[in-house]
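Containing PDB, C-alpha atoms: target.pdb.
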ATOM      1  CA  MET A   1       4.370  13.594  -7.569
ATOM      2  CA  GLU A   2       3.199  16.964  -8.674
ATOM      3  CA  VAL A   3       5.177  19.987  -9.716
ATOM      4  CA  THR A   4       3.495  23.092  -8.449
ATOM      5  CA  PRO A   5       3.006  25.706 -11.176
ATOM      6  CA  SER A   6       4.148  28.535  -8.952
ATOM      7  CA  GLY A   7       7.669  27.194  -9.200
ATOM      8  CA  ILE A   8       7.874  27.324 -13.012
ATOM      9  CA  VAL A   9       9.039  30.463 -14.772
ATOM     10  CA  LEU A  10       9.055  31.376 -18.430
ATOM     11  CA  PRO A  11      12.551  31.860 -19.877
ATOM     12  CA  ASP A  12      13.365  35.527 -20.261
ATOM     13  CA  LEU A  13      14.930  35.333 -23.694
ATOM     14  CA  ILE A  14      13.177  38.315 -25.247
ATOM     15  CA  VAL A  15      11.668  40.402 -22.532
ATOM     16  CA  PRO A  16      13.590  40.386 -19.274
ATOM     17  CA  GLN A  17      10.702  39.602 -17.007
ATOM     18  CA  ARG A  18       9.459  36.511 -15.282
ATOM     19  CA  ARG A  19       5.889  35.342 -15.356
ATOM     20  CA  LEU A  20       4.404  32.666 -13.239
ATOM     21  CA  ILE A  21       2.326  30.075 -15.033
ATOM     22  CA  LYS A  22      -1.043  30.014 -13.355
ATOM     23  CA  PRO A  23      -3.304  27.093 -14.155
ATOM     24  CA  ARG A  24      -6.901  27.926 -15.030
ATOM     25  CA  SER A  25      -8.059  24.335 -15.301
ATOM     26  CA  LEU A  26      -6.772  20.802 -15.189
ATOM     27  CA  TRP A  27      -4.437  19.971 -18.032
ATOM     28  CA  TYR A  28      -5.220  17.003 -20.208
ATOM     29  CA  PRO A  29      -4.625  16.240 -23.893
ATOM     30  CA  THR A  30      -7.299  16.900 -26.480
ATOM     31  CA  ARG A  31      -8.427  14.279 -28.981
ATOM     32  CA  ASP A  32      -6.906  16.330 -31.846
ATOM     33  CA  GLY A  33      -3.628  16.616 -30.025
ATOM     34  CA  LEU A  34      -3.517  12.908 -29.439
ATOM     35  CA  GLU A  35      -4.186  12.161 -33.099
ATOM     36  CA  LEU A  36      -1.165  14.210 -34.102
ATOM     37  CA  SER A  37       1.159  12.358 -31.756
ATOM     38  CA  TRP A  38      -0.562   8.949 -31.779
ATOM     39  CA  SER A  39       2.109   7.112 -33.754
ATOM     40  CA  ASP A  40       4.827   8.323 -31.401
ATOM     41  CA  LEU A  41       3.128   7.128 -28.247
ATOM     42  CA  PRO A  42       4.112   3.817 -26.627
ATOM     43  CA  LYS A  43       1.550   1.052 -26.959
ATOM     44  CA  ASP A  44       0.544   1.075 -23.300
ATOM     45  CA  VAL A  45       0.034   4.853 -23.347
ATOM     46  CA  ARG A  46      -2.125   4.564 -26.493
ATOM     47  CA  LYS A  47      -4.156   1.882 -24.736
ATOM     48  CA  PHE A  48      -4.635   4.104 -21.703
ATOM     49  CA  TYR A  49      -5.824   7.090 -23.719
ATOM     50  CA  ASP A  50      -8.008   4.923 -25.931
ATOM     51  CA  LYS A  51      -9.831   3.628 -22.867
ATOM     52  CA  TRP A  52     -10.038   7.130 -21.459
ATOM     53  CA  LEU A  53     -11.498   8.683 -24.612
ATOM     54  CA  LYS A  54     -14.055   5.916 -25.003
ATOM     55  CA  ALA A  55     -15.234   6.154 -21.416
ATOM     56  CA  PRO A  56     -18.918   7.013 -20.950
ATOM     57  CA  THR A  57     -19.491  10.728 -20.664
ATOM     58  CA  ARG A  58     -19.933  11.769 -17.070
ATOM     59  CA  GLU A  59     -19.050  14.868 -15.190
ATOM     60  CA  ALA A  60     -15.653  16.106 -16.244
ATOM     61  CA  LYS A  61     -14.107  15.209 -12.917
ATOM     62  CA  ASP A  62     -14.961  11.546 -13.420
ATOM     63  CA  LEU A  63     -12.831  11.512 -16.520
ATOM     64  CA  VAL A  64      -9.943  13.486 -15.124
ATOM     65  CA  VAL A  65      -9.740  12.419 -11.492
ATOM     66  CA  GLN A  66      -8.520   8.881 -11.774
ATOM     67  CA  MET A  67      -6.148   8.889  -8.849
ATOM     68  CA  ALA A  68      -7.223   6.871  -5.833
ATOM     69  CA  GLY A  69      -3.955   7.043  -3.978
ATOM     70  CA  SER A  70      -0.688   8.861  -3.654
ATOM     71  CA  MET A  71       2.923   8.643  -2.700
ATOM     72  CA  ALA A  72       3.287   9.310   1.016
ATOM     73  CA  ASN A  73       5.109  12.314   2.446
ATOM     74  CA  PHE A  74       8.207  10.299   3.316
ATOM     75  CA  SER A  75       8.826   8.880  -0.150
ATOM     76  CA  SER A  76       8.001  12.172  -1.888
ATOM     77  CA  LYS A  77      10.527  13.985   0.282
ATOM     78  CA  SER A  78      13.134  11.271  -0.164
ATOM     79  CA  MET A  79      12.915  11.395  -3.948
ATOM     80  CA  GLN A  80      13.055  15.181  -4.058
ATOM     81  CA  ASP A  81      16.018  15.348  -1.705
ATOM     82  CA  SER A  82      17.786  12.697  -3.746
ATOM     83  CA  VAL A  83      17.371  14.551  -7.032
ATOM     84  CA  TRP A  84      17.778  18.056  -5.667
ATOM     85  CA  GLY A  85      20.793  18.112  -3.393
ATOM     86  CA  LYS A  86      21.959  14.534  -3.868
ATOM     87  CA  THR A  87      20.875  13.510  -0.397
ATOM     88  CA  ALA A  88      21.286   9.761  -0.419
ATOM     89  CA  PHE A  89      18.168   7.669  -0.085
ATOM     90  CA  THR A  90      18.506   4.003   0.730
ATOM     91  CA  ALA A  91      15.337   2.107  -0.025
ATOM     92  CA  ALA A  92      14.193  -0.564   2.393
ATOM     93  CA  VAL A  93      15.436  -4.127   1.943
ATOM     94  CA  THR A  94      11.900  -5.371   2.488
ATOM     95  CA  ILE A  95       8.751  -3.444   1.695
ATOM     96  CA  TYR A  96       5.604  -4.194   3.685
ATOM     97  CA  ALA A  97       2.044  -3.908   2.376
ATOM     98  CA  GLY A  98      -0.697  -3.501   4.969
ATOM     99  CA  LEU A  99      -4.481  -3.259   4.940
ATOM    100  CA  TRP A 100      -6.504  -0.577   6.700
ATOM    101  CA  ALA A 101     -10.151  -0.216   7.635
ATOM    102  CA  ALA A 102     -10.064   3.588   7.520
ATOM    103  CA  THR A 103      -8.974   6.330   5.176
ATOM    104  CA  LEU A 104      -5.266   6.821   4.586
ATOM    105  CA  ASP A 105      -3.447   9.885   3.365
ATOM    106  CA  ASP A 106       0.117  11.029   2.782
ATOM    107  CA  THR A 107       0.874  11.072   6.510
ATOM    108  CA  LEU A 108       0.703   7.264   6.606
ATOM    109  CA  ALA A 109       3.088   5.656   9.104
ATOM    110  CA  GLY A 110       3.453   2.350  10.876
ATOM    111  CA  ASN A 111       1.352   3.464  13.832
ATOM    112  CA  THR A 112      -1.592   4.740  11.791
ATOM    113  CA  ALA A 113      -4.698   3.546  13.610
ATOM    114  CA  SER A 114      -7.350   1.173  12.262
ATOM    115  CA  GLU A 115      -4.958  -1.244  10.605
ATOM    116  CA  CYS A 116      -6.545  -4.587   9.876
ATOM    117  CA  ALA A 117      -6.304  -7.060  12.756
ATOM    118  CA  TYR A 118      -8.119 -10.216  11.821
ATOM    119  CA  THR A 119      -6.618 -13.083  13.777
ATOM    120  CA  SER A 120      -3.286 -14.052  12.146
ATOM    121  CA  TYR A 121      -3.100 -10.811  10.138
ATOM    122  CA  ALA A 122       0.395  -9.619   9.331
ATOM    123  CA  ARG A 123       1.774  -7.176   6.814
ATOM    124  CA  LEU A 124       2.796  -8.695   3.509
ATOM    125  CA  ALA A 125       6.587  -8.785   3.177
ATOM    126  CA  LEU A 126       7.881  -8.034  -0.310
ATOM    127  CA  THR A 127      11.588  -8.302  -0.987
ATOM    128  CA  ASN A 128      12.608  -5.034  -2.596
ATOM    129  CA  ASN A 129      14.171  -6.266  -5.830
ATOM    130  CA  THR A 130      13.494  -6.087  -9.554
ATOM    131  CA  THR A 131      11.792  -9.476  -9.551
ATOM    132  CA  ILE A 132       8.866  -8.157  -7.547
ATOM    133  CA  PHE A 133       9.285  -4.505  -8.570
ATOM    134  CA  ALA A 134      10.281  -4.810 -12.227
ATOM    135  CA  ALA A 135      11.270  -1.887 -14.411
ATOM    136  CA  GLY A 136       8.366   0.340 -15.345
ATOM    137  CA  SER A 137       7.305   1.717 -18.693
ATOM    138  CA  GLY A 138       6.673   5.059 -20.327
ATOM    139  CA  THR A 139       8.683   8.211 -20.760
ATOM    140  CA  THR A 140       6.526  11.269 -20.246
ATOM    141  CA  THR A 141       4.461   9.281 -17.781
ATOM    142  CA  TYR A 142       6.414   6.571 -16.015
ATOM    143  CA  SER A 143       4.534   3.695 -14.444
ATOM    144  CA  LYS A 144       5.749   0.967 -12.119
ATOM    145  CA  THR A 145       3.479  -2.017 -11.738
ATOM    146  CA  TRP A 146       3.844  -4.680  -9.079
ATOM    147  CA  PRO A 147       4.016  -7.353  -7.796
ATOM    148  CA  SER A 148       5.659  -8.222 -11.094
ATOM    149  CA  ASP A 149       6.346 -11.909 -10.591
ATOM    150  CA  ALA A 150       3.188 -13.412  -9.124
ATOM    151  CA  ALA A 151       0.141 -12.825  -6.941
ATOM    152  CA  LYS A 152       0.959 -12.327  -3.261
ATOM    153  CA  SER A 153      -1.248 -13.408  -0.370
ATOM    154  CA  TRP A 154      -1.558 -12.164   3.160
ATOM    155  CA  ALA A 155      -1.779 -14.816   5.868
ATOM    156  CA  THR A 156      -4.952 -16.868   6.010
ATOM    157  CA  SER A 157      -7.398 -15.521   8.581
ATOM    158  CA  THR A 158      -8.108 -17.629  11.644
ATOM    159  CA  GLY A 159     -10.691 -15.313  13.191
ATOM    160  CA  THR A 160     -12.653 -12.125  12.625
ATOM    161  CA  GLY A 161     -10.589 -10.077  15.053
ATOM    162  CA  THR A 162     -11.022  -6.344  14.462
ATOM    163  CA  ASN A 163     -10.937  -4.030  11.443
ATOM    164  CA  ASN A 164     -11.477  -6.984   9.112
ATOM    165  CA  THR A 165     -13.408  -4.957   6.517
ATOM    166  CA  VAL A 166     -10.602  -3.258   4.668
ATOM    167  CA  THR A 167     -10.823  -0.242   2.372
ATOM    168  CA  TYR A 168      -7.239   0.996   1.987
ATOM    169  CA  LEU A 169      -3.847  -0.435   1.125
ATOM    170  CA  GLY A 170      -0.760   1.134   2.677
ATOM    171  CA  VAL A 171       2.846   0.412   1.783
ATOM    172  CA  LEU A 172       5.667   1.032   4.248
ATOM    173  CA  ASP A 173       9.381   0.493   4.685
ATOM    174  CA  GLY A 174       9.156  -1.441   7.949
ATOM    175  CA  ASN A 175       7.119  -3.770  10.119
ATOM    176  CA  ALA A 176       7.791  -2.515  13.625
ATOM    177  CA  GLY A 177       4.205  -1.343  13.784
ATOM    178  CA  THR A 178       5.339   2.028  15.135
ATOM    179  CA  SER A 179       6.046   5.507  13.800
ATOM    180  CA  ALA A 180       9.477   4.182  12.812
ATOM    181  CA  ASP A 181       7.821   2.579   9.773
ATOM    182  CA  HIS A 182       7.634   5.216   7.038
ATOM    183  CA  GLY A 183       4.837   5.352   4.498
ATOM    184  CA  TYR A 184       5.800   4.821   0.855
ATOM    185  CA  CYS A 185       2.389   5.042  -0.806
ATOM    186  CA  TRP A 186      -1.282   4.257  -0.298
ATOM    187  CA  CYS A 187      -4.463   3.753  -2.299
ATOM    188  CA  SER A 188      -8.102   2.928  -1.827
ATOM    189  CA  ILE A 189      -9.264  -0.621  -2.471
ATOM    190  CA  THR A 190     -12.648  -2.162  -2.991
ATOM    191  CA  SER A 191     -14.254  -2.735   0.412
ATOM    192  CA  THR A 192     -13.427  -6.334   1.348
ATOM    193  CA  THR A 193     -14.528  -8.259   4.435
ATOM    194  CA  ILE A 194     -12.099 -10.965   5.519
ATOM    195  CA  ASN A 195     -13.639 -13.828   7.461
ATOM    196  CA  SER A 196     -12.033 -16.806   9.137
ATOM    197  CA  GLY A 197     -10.504 -19.114   6.554
ATOM    198  CA  ASP A 198     -10.241 -16.383   3.907
ATOM    199  CA  THR A 199      -6.958 -15.422   2.318
ATOM    200  CA  PRO A 200      -6.656 -11.864   0.985
ATOM    201  CA  GLN A 201      -4.537 -11.679  -2.117
ATOM    202  CA  LEU A 202      -2.868  -8.988  -4.187
ATOM    203  CA  ALA A 203      -3.069 -10.064  -7.832
ATOM    204  CA  GLN A 204       0.022  -9.984 -10.020
ATOM    205  CA  ASN A 205       0.580  -6.417 -11.254
ATOM    206  CA  ALA A 206      -2.339  -5.177  -9.159
ATOM    207  CA  VAL A 207      -0.648  -1.945  -8.102
ATOM    208  CA  THR A 208       0.438   0.780 -10.511
ATOM    209  CA  VAL A 209       2.367   3.813  -9.362
ATOM    210  CA  THR A 210       2.382   6.554 -11.983
ATOM    211  CA  GLN A 211       4.526   9.653 -12.130
ATOM    212  CA  ASP A 212       4.540  12.358 -14.755
TER     213      ASP A 212
ATOM    214  CA  MET B   1       9.945 -17.006  22.708
ATOM    215  CA  ALA B   2       8.025 -17.464  25.909
ATOM    216  CA  ASP B   3       7.917 -21.239  25.663
ATOM    217  CA  GLU B   4       9.840 -23.665  23.580
ATOM    218  CA  GLY B   5       8.180 -23.961  20.209
ATOM    219  CA  ILE B   6       5.973 -20.929  20.677
ATOM    220  CA  TYR B   7       6.801 -17.707  18.900
ATOM    221  CA  HIS B   8       6.204 -14.339  20.493
ATOM    222  CA  GLY B   9       6.733 -11.199  18.461
ATOM    223  CA  ARG B  10       6.003  -9.476  15.186
ATOM    224  CA  LEU B  11       4.567 -11.439  12.280
ATOM    225  CA  MET B  12       4.840 -11.031   8.519
ATOM    226  CA  ALA B  13       3.090 -12.717   5.620
ATOM    227  CA  ASP B  14       5.205 -14.644   3.122
ATOM    228  CA  GLY B  15       2.999 -14.040   0.081
ATOM    229  CA  GLN B  16       1.651 -17.590   0.061
ATOM    230  CA  GLY B  17      -0.920 -17.181   2.824
ATOM    231  CA  ASN B  18       1.566 -18.196   5.522
ATOM    232  CA  LEU B  19       3.168 -16.517   8.502
ATOM    233  CA  LEU B  20       6.818 -15.908   9.246
ATOM    234  CA  ALA B  21       8.509 -14.594  12.365
ATOM    235  CA  ASP B  22       9.687 -11.028  11.820
ATOM    236  CA  GLU B  23      12.630 -10.087  13.993
ATOM    237  CA  SER B  24      13.961  -7.347  11.760
ATOM    238  CA  THR B  25      14.988  -3.952  13.037
ATOM    239  CA  LEU B  26      15.403  -1.169  10.533
ATOM    240  CA  ASP B  27      17.995   1.549  11.003
ATOM    241  CA  ALA B  28      16.121   4.580   9.711
ATOM    242  CA  ALA B  29      19.297   6.541   9.080
ATOM    243  CA  THR B  30      21.081   3.993   6.927
ATOM    244  CA  GLY B  31      18.231   1.827   5.687
ATOM    245  CA  ASP B  32      20.078  -1.235   6.934
ATOM    246  CA  ALA B  33      18.221  -3.968   8.778
ATOM    247  CA  THR B  34      19.439  -6.293  11.503
ATOM    248  CA  TYR B  35      17.794  -9.631  12.158
ATOM    249  CA  GLY B  36      17.125 -11.774  15.212
ATOM    250  CA  GLU B  37      17.867 -15.490  15.287
ATOM    251  CA  ASN B  38      14.276 -16.484  14.509
ATOM    252  CA  HIS B  39      13.742 -14.035  11.673
ATOM    253  CA  GLY B  40      12.046 -15.622   8.683
ATOM    254  CA  LYS B  41      11.185 -18.905  10.390
ATOM    255  CA  PRO B  42       7.745 -20.269   9.455
ATOM    256  CA  VAL B  43       5.085 -20.124  12.156
ATOM    257  CA  ALA B  44       1.411 -21.044  12.282
ATOM    258  CA  TYR B  45      -1.571 -20.212  14.430
ATOM    259  CA  HIS B  46      -2.363 -23.110  16.746
ATOM    260  CA  GLU B  47      -4.840 -23.095  19.620
ATOM    261  CA  GLY B  48      -4.392 -19.466  20.591
ATOM    262  CA  SER B  49      -0.635 -19.353  20.072
ATOM    263  CA  TYR B  50       1.819 -19.120  17.216
ATOM    264  CA  ILE B  51       4.076 -22.124  16.927
ATOM    265  CA  PHE B  52       7.260 -22.665  14.988
ATOM    266  CA  LEU B  53       6.769 -25.220  12.259
ATOM    267  CA  LYS B  54       9.099 -28.141  11.889
ATOM    268  CA  LYS B  55      10.110 -29.496   8.523
ATOM    269  CA  GLY B  56       7.298 -31.449   6.951
ATOM    270  CA  GLU B  57       4.527 -29.937   9.103
ATOM    271  CA  ASP B  58       1.530 -28.322   7.433
ATOM    272  CA  SER B  59       1.866 -24.619   6.742
ATOM    273  CA  HIS B  60      -0.370 -21.970   8.310
ATOM    274  CA  ASN B  61      -2.337 -21.675   5.065
ATOM    275  CA  LYS B  62      -2.805 -25.414   4.719
ATOM    276  CA  ARG B  63      -4.022 -25.692   8.306
ATOM    277  CA  HIS B  64      -6.540 -22.874   8.159
ATOM    278  CA  SER B  65      -7.563 -22.089   4.591
ATOM    279  CA  ALA B  66     -11.212 -22.970   4.316
ATOM    280  CA  GLY B  67     -12.726 -19.953   2.710
ATOM    281  CA  GLU B  68     -12.144 -17.800  -0.277
ATOM    282  CA  THR B  69      -9.120 -16.164  -1.808
ATOM    283  CA  LEU B  70     -10.180 -12.534  -1.756
ATOM    284  CA  GLU B  71      -8.606 -10.277  -4.323
ATOM    285  CA  VAL B  72      -7.514  -6.933  -2.954
ATOM    286  CA  ALA B  73      -8.308  -4.727  -5.942
ATOM    287  CA  GLY B  74      -8.207  -1.001  -6.463
ATOM    288  CA  THR B  75     -11.386   1.019  -6.473
ATOM    289  CA  THR B  76     -12.873   1.828  -9.851
ATOM    290  CA  ASP B  77     -15.381   4.635  -9.720
ATOM    291  CA  ALA B  78     -17.286   6.210  -6.878
ATOM    292  CA  SER B  79     -20.590   5.602  -8.648
ATOM    293  CA  ASN B  80     -20.230   1.827  -8.313
ATOM    294  CA  PRO B  81     -21.528   0.049  -5.190
ATOM    295  CA  GLY B  82     -18.832  -0.429  -2.569
ATOM    296  CA  GLU B  83     -16.597   2.124  -4.256
ATOM    297  CA  GLU B  84     -17.952   5.287  -2.693
ATOM    298  CA  HIS B  85     -14.706   5.926  -0.863
ATOM    299  CA  HIS B  86     -12.822   6.133  -4.178
ATOM    300  CA  GLU B  87     -13.188   9.903  -4.057
ATOM    301  CA  VAL B  88     -14.787  10.818  -0.748
ATOM    302  CA  PRO B  89     -14.187   8.996   2.550
ATOM    303  CA  ALA B  90     -17.181   7.342   4.162
ATOM    304  CA  SER B  91     -18.922   9.511   6.738
ATOM    305  CA  ASP B  92     -18.477   6.894   9.474
ATOM    306  CA  ASP B  93     -14.760   6.590   8.813
ATOM    307  CA  PRO B  94     -12.850   7.080  12.085
ATOM    308  CA  HIS B  95     -10.231   9.149  10.261
ATOM    309  CA  VAL B  96     -12.810  11.710   9.152
ATOM    310  CA  ASP B  97     -14.004  14.474  11.454
ATOM    311  CA  ASP B  98     -17.502  15.940  11.726
ATOM    312  CA  GLU B  99     -16.795  18.415   8.955
ATOM    313  CA  GLY B 100     -15.629  15.752   6.536
ATOM    314  CA  ASN B 101     -11.923  16.516   6.823
ATOM    315  CA  VAL B 102      -9.498  13.592   6.758
ATOM    316  CA  SER B 103      -7.167  13.525   9.724
ATOM    317  CA  LEU B 104      -5.443  10.240  10.389
ATOM    318  CA  MET B 105      -5.353   8.904  13.922
ATOM    319  CA  PHE B 106      -2.136   7.436  15.269
ATOM    320  CA  ASP B 107      -1.660   5.082  18.172
ATOM    321  CA  PRO B 108       1.189   5.665  20.646
ATOM    322  CA  ASP B 109       4.149   3.546  19.565
ATOM    323  CA  SER B 110       4.032   1.512  22.744
ATOM    324  CA  VAL B 111       0.482   0.478  21.891
ATOM    325  CA  ALA B 112       0.755   0.358  18.111
ATOM    326  CA  ALA B 113       3.537  -2.216  18.088
ATOM    327  CA  THR B 114       1.309  -4.934  19.484
ATOM    328  CA  VAL B 115      -2.275  -4.158  18.432
ATOM    329  CA  THR B 116      -1.916  -5.751  15.030
ATOM    330  CA  GLY B 117       0.668  -7.850  13.230
ATOM    331  CA  HIS B 118       1.971  -9.103  16.581
ATOM    332  CA  THR B 119       1.280 -12.343  18.403
ATOM    333  CA  ASP B 120       0.068 -10.348  21.437
ATOM    334  CA  ALA B 121      -2.760  -8.919  19.339
ATOM    335  CA  TYR B 122      -4.208 -12.357  18.786
ATOM    336  CA  SER B 123      -3.168 -14.249  21.878
ATOM    337  CA  GLY B 124      -5.958 -16.571  22.880
ATOM    338  CA  GLY B 125      -7.897 -15.486  19.833
ATOM    339  CA  GLY B 126     -10.278 -18.223  18.867
ATOM    340  CA  GLU B 127     -10.980 -19.577  15.455
ATOM    341  CA  GLU B 128     -14.343 -18.109  14.665
TER     342      GLU B 128
END

Write-out of the structure in structure tokens:
Amino acid sequence: MEVTPSGIVLPDLIVPQRRLIKPRSLWYPTRDGLELSWSDLPKDVRKFYDKWLKAPTREAKDLVVQMAGSMANFSSKSMQDSVWGKTAFTAAVTIYAGLWAATLDDTLAGNTASECAYTSYARLALTNNTTIFAAGSGTTTYSKTWPSDAAKSWATSTGTGTNNTVTYLGVLDGNAGTSADHGYCWCSITSTTINSGDTPQLAQNAVTVTQD
Amino acid sequence: MADEGIYHGRLMADGQGNLLADESTLDAATGDATYGENHGKPVAYHEGSYIFLKKGEDSHNKRHSAGETLEVAGTTDASNPGEEHHEVPASDDPHVDDEGNVSLMFDPDSVAATVTGHTDAYSGGGEE
């Protein structure tokens, strides 16, 4: 989730005027700034920044753009409406993870075309509880990592079918296969071809959803 | 069920490489789900159909697993082979137009419900 800068105003404590904060570049912490606050950072955050700072020097965007997915429109709206306006949001009893052979974006829904269809493919059903979706970590940046309890496998393939080379993972609140299934989030995955007899698997804690 | 012992409908994966019948219906307004009588029952692909498994019968995974367990992992960096779509969609991606803009395609609901994740999508499908 992002907070757009145009919605933030400086407090008018001294001069009674409002100024919009306009970003000139991406915001990320400097090495000096991190050194000052290092001891106060949680261990996992220190580990993240340590890896980031030691990364080989490439173009700046390679260091900053690390997102390969996003919350979908439905879940972003639901969270906002819940916080701002107290509109109740009831999460799905079962969350379904699907595989796609084409690009996904925030408009993901159950009827998004090019979903994997190897013979015997079905979306992976994940009971929406704190066993599979355990509490996250972090304060300024909160991360949820799942599946928390164990690796989860899709059904074993019994034939090539169609769209069996998958490149995206999509997570939804239903399995009707129609627009009634709302997108929760999506991300790119390493291109994987699923042949007959293969069993695609999501490793334990393979997915991390981060929010700042 | 079209025939006794044969399942017809939506499928879901149980996390262990197996198939279950999915007869859930989600109420979008309340988030509540209702379930059909066969919901959650184990099924397996068998000679072009999906059959209900009786107690003690081999699971779908045990019947058909002969290949690899393929880890579905996140992309790392676009500069690595096979990871090009980490930042920019592939040019031959059906969800990308001629100018490189991403615009997802959606099937009509009447079609989408049975083209994948449904026994109709794989009826008669051979083991290849």

Residues within 8 Å of Ser179 (chain A), please, as an mmCIF file with C-alpha atoms, in the frame of the given file. Count only C-alpha atoms; anything in the same chain fewer than 6 positions from it doesn't count.
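Done, and the output landed in result_35.cif:
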data_model
loop_
_atom_site.group_PDB
_atom_site.id
_atom_site.type_symbol
_atom_site.label_atom_id
_atom_site.label_comp_id
_atom_site.auth_asym_id
_atom_site.auth_seq_id
_atom_site.Cartn_x
_atom_site.Cartn_y
_atom_site.Cartn_z
ATOM 1 C CA ALA A 109 3.088 5.656 9.104
ATOM 2 C CA GLY A 110 3.453 2.350 10.876
ATOM 3 C CA ASN A 111 1.352 3.464 13.832
ATOM 4 C CA THR A 112 -1.592 4.740 11.791
ATOM 5 C CA ASP B 109 4.149 3.546 19.565
#

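Interatomic distance, CA of Ala203 (chain A) to CA of Ala155 (chain A): 14.6 Å.
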
Matched chain/residue IDs from the ChimeraX specification (/A :<7) & /B, as an MDAnalysis selection string: chainID B and resid 11:19 26 30:31 45 61 64:75 82:83 86:87 89 93:95 104:107 109 112:113 116:117 122 125:128

Write to file, as an mmCIF file, keeping the file's coordinate frame, the residues of the selection just made, with C-alpha atoms.
data_model
loop_
_atom_site.group_PDB
_atom_site.id
_atom_site.type_symbol
_atom_site.label_atom_id
_atom_site.label_comp_id
_atom_site.auth_asym_id
_atom_site.auth_seq_id
_atom_site.Cartn_x
_atom_site.Cartn_y
_atom_site.Cartn_z
ATOM 1 C CA LEU B 11 4.567 -11.439 12.280
ATOM 2 C CA MET B 12 4.840 -11.031 8.519
ATOM 3 C CA ALA B 13 3.090 -12.717 5.620
ATOM 4 C CA ASP B 14 5.205 -14.644 3.122
ATOM 5 C CA GLY B 15 2.999 -14.040 0.081
ATOM 6 C CA GLN B 16 1.651 -17.590 0.061
ATOM 7 C CA GLY B 17 -0.920 -17.181 2.824
ATOM 8 C CA ASN B 18 1.566 -18.196 5.522
ATOM 9 C CA LEU B 19 3.168 -16.517 8.502
ATOM 10 C CA LEU B 26 15.403 -1.169 10.533
ATOM 11 C CA THR B 30 21.081 3.993 6.927
ATOM 12 C CA GLY B 31 18.231 1.827 5.687
ATOM 13 C CA TYR B 45 -1.571 -20.212 14.430
ATOM 14 C CA ASN B 61 -2.337 -21.675 5.065
ATOM 15 C CA HIS B 64 -6.540 -22.874 8.159
ATOM 16 C CA SER B 65 -7.563 -22.089 4.591
ATOM 17 C CA ALA B 66 -11.212 -22.970 4.316
ATOM 18 C CA GLY B 67 -12.726 -19.953 2.710
ATOM 19 C CA GLU B 68 -12.144 -17.800 -0.277
ATOM 20 C CA THR B 69 -9.120 -16.164 -1.808
ATOM 21 C CA LEU B 70 -10.180 -12.534 -1.756
ATOM 22 C CA GLU B 71 -8.606 -10.277 -4.323
ATOM 23 C CA VAL B 72 -7.514 -6.933 -2.954
ATOM 24 C CA ALA B 73 -8.308 -4.727 -5.942
ATOM 25 C CA GLY B 74 -8.207 -1.001 -6.463
ATOM 26 C CA THR B 75 -11.386 1.019 -6.473
ATOM 27 C CA GLY B 82 -18.832 -0.429 -2.569
ATOM 28 C CA GLU B 83 -16.597 2.124 -4.256
ATOM 29 C CA HIS B 86 -12.822 6.133 -4.178
ATOM 30 C CA GLU B 87 -13.188 9.903 -4.057
ATOM 31 C CA PRO B 89 -14.187 8.996 2.550
ATOM 32 C CA ASP B 93 -14.760 6.590 8.813
ATOM 33 C CA PRO B 94 -12.850 7.080 12.085
ATOM 34 C CA HIS B 95 -10.231 9.149 10.261
ATOM 35 C CA LEU B 104 -5.443 10.240 10.389
ATOM 36 C CA MET B 105 -5.353 8.904 13.922
ATOM 37 C CA PHE B 106 -2.136 7.436 15.269
ATOM 38 C CA ASP B 107 -1.660 5.082 18.172
ATOM 39 C CA ASP B 109 4.149 3.546 19.565
ATOM 40 C CA ALA B 112 0.755 0.358 18.111
ATOM 41 C CA ALA B 113 3.537 -2.216 18.088
ATOM 42 C CA THR B 116 -1.916 -5.751 15.030
ATOM 43 C CA GLY B 117 0.668 -7.850 13.230
ATOM 44 C CA TYR B 122 -4.208 -12.357 18.786
ATOM 45 C CA GLY B 125 -7.897 -15.486 19.833
ATOM 46 C CA GLY B 126 -10.278 -18.223 18.867
ATOM 47 C CA GLU B 127 -10.980 -19.577 15.455
ATOM 48 C CA GLU B 128 -14.343 -18.109 14.665
#

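Going from CA of Glu47 (chain B) to CA of Asn164 (chain A) covers 20.3 Å.
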
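Interatomic distance, CA of Trp146 (chain A) to CA of Ala78 (chain B): 23.9 Å.
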
Enumerate, as a PyMOL selection string, the protein, DNA and RNA residues whose atoms approach (2.6, -23.5, 19.6) to within 8 Å, taking into account all atoms listed in the file and the coordinate frame of the file. chain B and resi 5-7+44-47+49-52

Selection dump of the PyMOL selection byres ((chain B and resi 38) around 10), as JSON, numbers by chain: {"B": [1, 7, 20, 21, 22, 23, 24, 35, 36, 37, 39, 40, 41, 42, 52]}

Could you state which residues are captured by the PyMOL selection byres ((chain A and resi 132-142) around 10) in this file, as a ChimeraX atom specification? /A:41-45,126-131,143-152,204-205,208-212

Skipping near chain neighbours, those fewer than 6 positions away, what residues fall within 7 Å of Tyr184 (chain A) using all atoms listed in the file, listed as a compact mmCIF listing (two decimals) with C-alpha atoms, in the frame of the given file?
# COMPACT_ATOMS: atom_id res chain seq x y z
CA MET A 71 2.92 8.64 -2.70
CA ALA A 72 3.29 9.31 1.02
CA PHE A 74 8.21 10.30 3.32
CA SER A 75 8.83 8.88 -0.15
CA VAL A 171 2.85 0.41 1.78
CA LEU A 172 5.67 1.03 4.25
CA ASP A 173 9.38 0.49 4.68
